[in-house]
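Here is the structure we will look at, set down as structure tokens.
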Amino acid sequence: MTHPTNRRDFFRINDNIGLTINPLEEDTIDLDSVFEKRRKEYGLANEFIIQKERHRPLLFKIQQSDQNLAKYIEFLEENLLSLAIISNRHMTELPDKPDHAVNLSGSGLRFLSDKEWSSECFLQLSITLFPNLLTVYAIGKVLRKEKTASGKWSIALRFTHIHHADKEALVRHVHARQLASFRNMASNENS
């Protein structure tokens, strides 16, 4: 029987991401305003993807009546997404390649750190997902910390502030990684 405190709402994967971590000062009272201010710097591409998926049935109707117009709209969508990602990369200082091995889900992550973050502290996280370079901004609360044999700290945190479009981006990313892993396992078994 699963212990109730270890129930998970999202699938987890091991992944390599770009990660920037900044502590929030202990006297930061209004986490909501800190979150909203920073999220606006990061969320354009993920919000665009959500809106694109939401309007996919309209594009399908257009495709049925005018395939050339639908192709042009898809071309514009892809270019707008590219511009949103490029704009985001220029506005923020994020790693260009994966620099952290993590265990990732839509509700939180676990990572190794040289620093011992105090339990219950809040951290600002800027996450870059590869290879698509989508960026997620979140605030997380440290739930657990454990000293590893290597002398580093294993830090587990839960996202307390994450925009729905960013959470959707994480869930889609985890799902895509899981599918790739399953396909890889199936092809290895057939080899």
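A note on labels: chains of the structure tokens are A, B, ... as shown, every chain counts residues from 1, and ligands are counted from 1 in their shown order.
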_Test item: residues at most 6 Å from stretch 123-133 of chain A, only C-alpha atoms, excluding those fewer than 6 positions along its chain, as a PyMOL selection string_ = chain A and resi 17-24+139-140
Mind writing the picked residues with C-alpha atoms as an mmCIF file, in the first residue's frame?
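selection00.cif was written with the following content:
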data_model
loop_
_atom_site.group_PDB
_atom_site.id
_atom_site.type_symbol
_atom_site.label_atom_id
_atom_site.label_comp_id
_atom_site.auth_asym_id
_atom_site.auth_seq_id
_atom_site.Cartn_x
_atom_site.Cartn_y
_atom_site.Cartn_z
ATOM 1 C CA ILE A 17 17.710 20.688 -18.203
ATOM 2 C CA GLY A 18 19.030 24.204 -17.942
ATOM 3 C CA LEU A 19 18.388 25.415 -14.413
ATOM 4 C CA THR A 20 18.925 28.741 -12.690
ATOM 5 C CA ILE A 21 18.151 28.853 -8.965
ATOM 6 C CA ASN A 22 17.752 32.003 -6.897
ATOM 7 C CA PRO A 23 16.606 32.084 -3.282
ATOM 8 C CA LEU A 24 13.780 34.325 -2.218
ATOM 9 C CA ILE A 139 8.642 29.284 -7.383
ATOM 10 C CA GLY A 140 9.191 26.128 -5.384
#
*Pick out the residues sitting within 10 Å of stretch 171-181 of chain A, and hand them over as a PyMOL selection string; count only C-alpha atoms, and ignore anything fewer than 5 positions along from it in its own chain.*
chain A and resi 10-15+104-107+129-132+134+165-166+186-187
Please produce an output containing C-alpha atoms for each residue in the selection, written as a compact mmCIF listing (two decimals), in the first residue's frame.
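For reference, selection07.txt as written:
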# COMPACT_ATOMS: atom_id res chain seq x y z
CA PHE A 10 2.27 13.67 -12.15
CA PHE A 11 4.63 11.27 -13.88
CA ARG A 12 8.32 11.85 -13.20
CA ILE A 13 11.31 11.48 -15.47
CA ASN A 14 15.05 11.86 -15.17
CA ASP A 15 16.14 14.60 -17.53
CA LEU A 104 11.22 16.34 -13.14
CA SER A 105 7.43 16.38 -13.08
CA GLY A 106 4.60 18.87 -13.46
CA SER A 107 4.53 19.35 -9.70
CA LEU A 129 13.66 22.32 -21.53
CA PHE A 130 15.71 20.76 -24.30
CA PRO A 131 15.76 20.35 -27.24
CA ASN A 132 12.87 22.79 -27.87
CA LEU A 134 10.97 26.22 -23.89
CA ALA A 165 0.77 27.16 -19.50
CA ASP A 166 4.16 26.40 -17.93
CA ALA A 186 10.99 -1.37 -27.80
CA SER A 187 13.57 -0.90 -30.58
*Could you give me, as a PyMOL selection string, each residue of stretch 7-177 of chain A that DSSP assigns to strand (DSSP E or B) when run on this structure's backbone?*
chain A and resi 13-23+100-104+108-113+122-129+134-147+153-162
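All residues of stretch 77-145 of chain A that DSSP, run on the backbone, classes as helix (DSSP H, G or I) are Glu77, Glu78, Asn79, Leu80, Leu81, Ser82, Leu83, Ala84, Ile85, Ile86, Ser87, Asn88, Arg89, His90 and Met91 of chain A.
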Contacts of A:Thr148 at 12 Å or less, counting only C-alpha atoms, minus same-chain residues fewer than 2 places along, as a PDB file with C-alpha atoms, in the first residue's frame?
ATOM      1  CA  PHE A 111      18.243  18.186  -8.198  1.00  0.00           C
ATOM      2  CA  LEU A 112      21.760  18.044  -6.798  1.00  0.00           C
ATOM      3  CA  SER A 113      23.231  21.191  -5.293  1.00  0.00           C
ATOM      4  CA  ASP A 114      26.523  22.221  -3.761  1.00  0.00           C
ATOM      5  CA  GLU A 116      22.376  23.165   1.433  1.00  0.00           C
ATOM      6  CA  LYS A 145      17.238  17.738   1.532  1.00  0.00           C
ATOM      7  CA  GLU A 146      19.649  14.834   1.882  1.00  0.00           C
ATOM      8  CA  SER A 150      29.469  12.687  -3.146  1.00  0.00           C
ATOM      9  CA  GLY A 151      29.031  15.500  -0.600  1.00  0.00           C
ATOM     10  CA  LYS A 152      26.355  17.282  -2.624  1.00  0.00           C
ATOM     11  CA  TRP A 153      22.813  17.898  -1.465  1.00  0.00           C
ATOM     12  CA  SER A 154      19.808  16.210  -3.053  1.00  0.00           C
ATOM     13  CA  ILE A 155      17.080  18.857  -2.942  1.00  0.00           C
TER      14      ILE A 155
END
Residues within 6 Å of A:Gly108, please, as a compact mmCIF listing (two decimals) with C-alpha atoms, in the first residue's frame. Count only C-alpha atoms; anything in the same chain fewer than 5 positions from it doesn't count.
# COMPACT_ATOMS: atom_id res chain seq x y z
CA LEU A 157 10.95 20.78 -4.02
CA ARG A 158 7.31 21.27 -4.93
CA PHE A 159 6.19 24.06 -7.22
*Return the single residue from A:Ala101, A:Leu109, A:Glu47, A:Pro95 that is closest to A:Leu81, with distances computed using only C-alpha atoms.*
A:Glu47
*Test item: residues at most 8 Å from stretch 76-79 of chain A, only C-alpha atoms, excluding those fewer than 4 positions along its chain, as number ranges by chain*: A: 52, 72, 83
Could the residues in this selection be saved with C-alpha atoms as a short mmCIF file (atom, residue, chain, number, x, y, z; two decimals), in the first residue's frame?
data_model
loop_
_atom_site.label_atom_id
_atom_site.label_comp_id
_atom_site.auth_asym_id
_atom_site.auth_seq_id
_atom_site.Cartn_x
_atom_site.Cartn_y
_atom_site.Cartn_z
CA LYS A 52 -2.45 27.18 -30.59
CA TYR A 72 0.12 29.49 -44.39
CA LEU A 83 10.17 34.45 -32.26
#
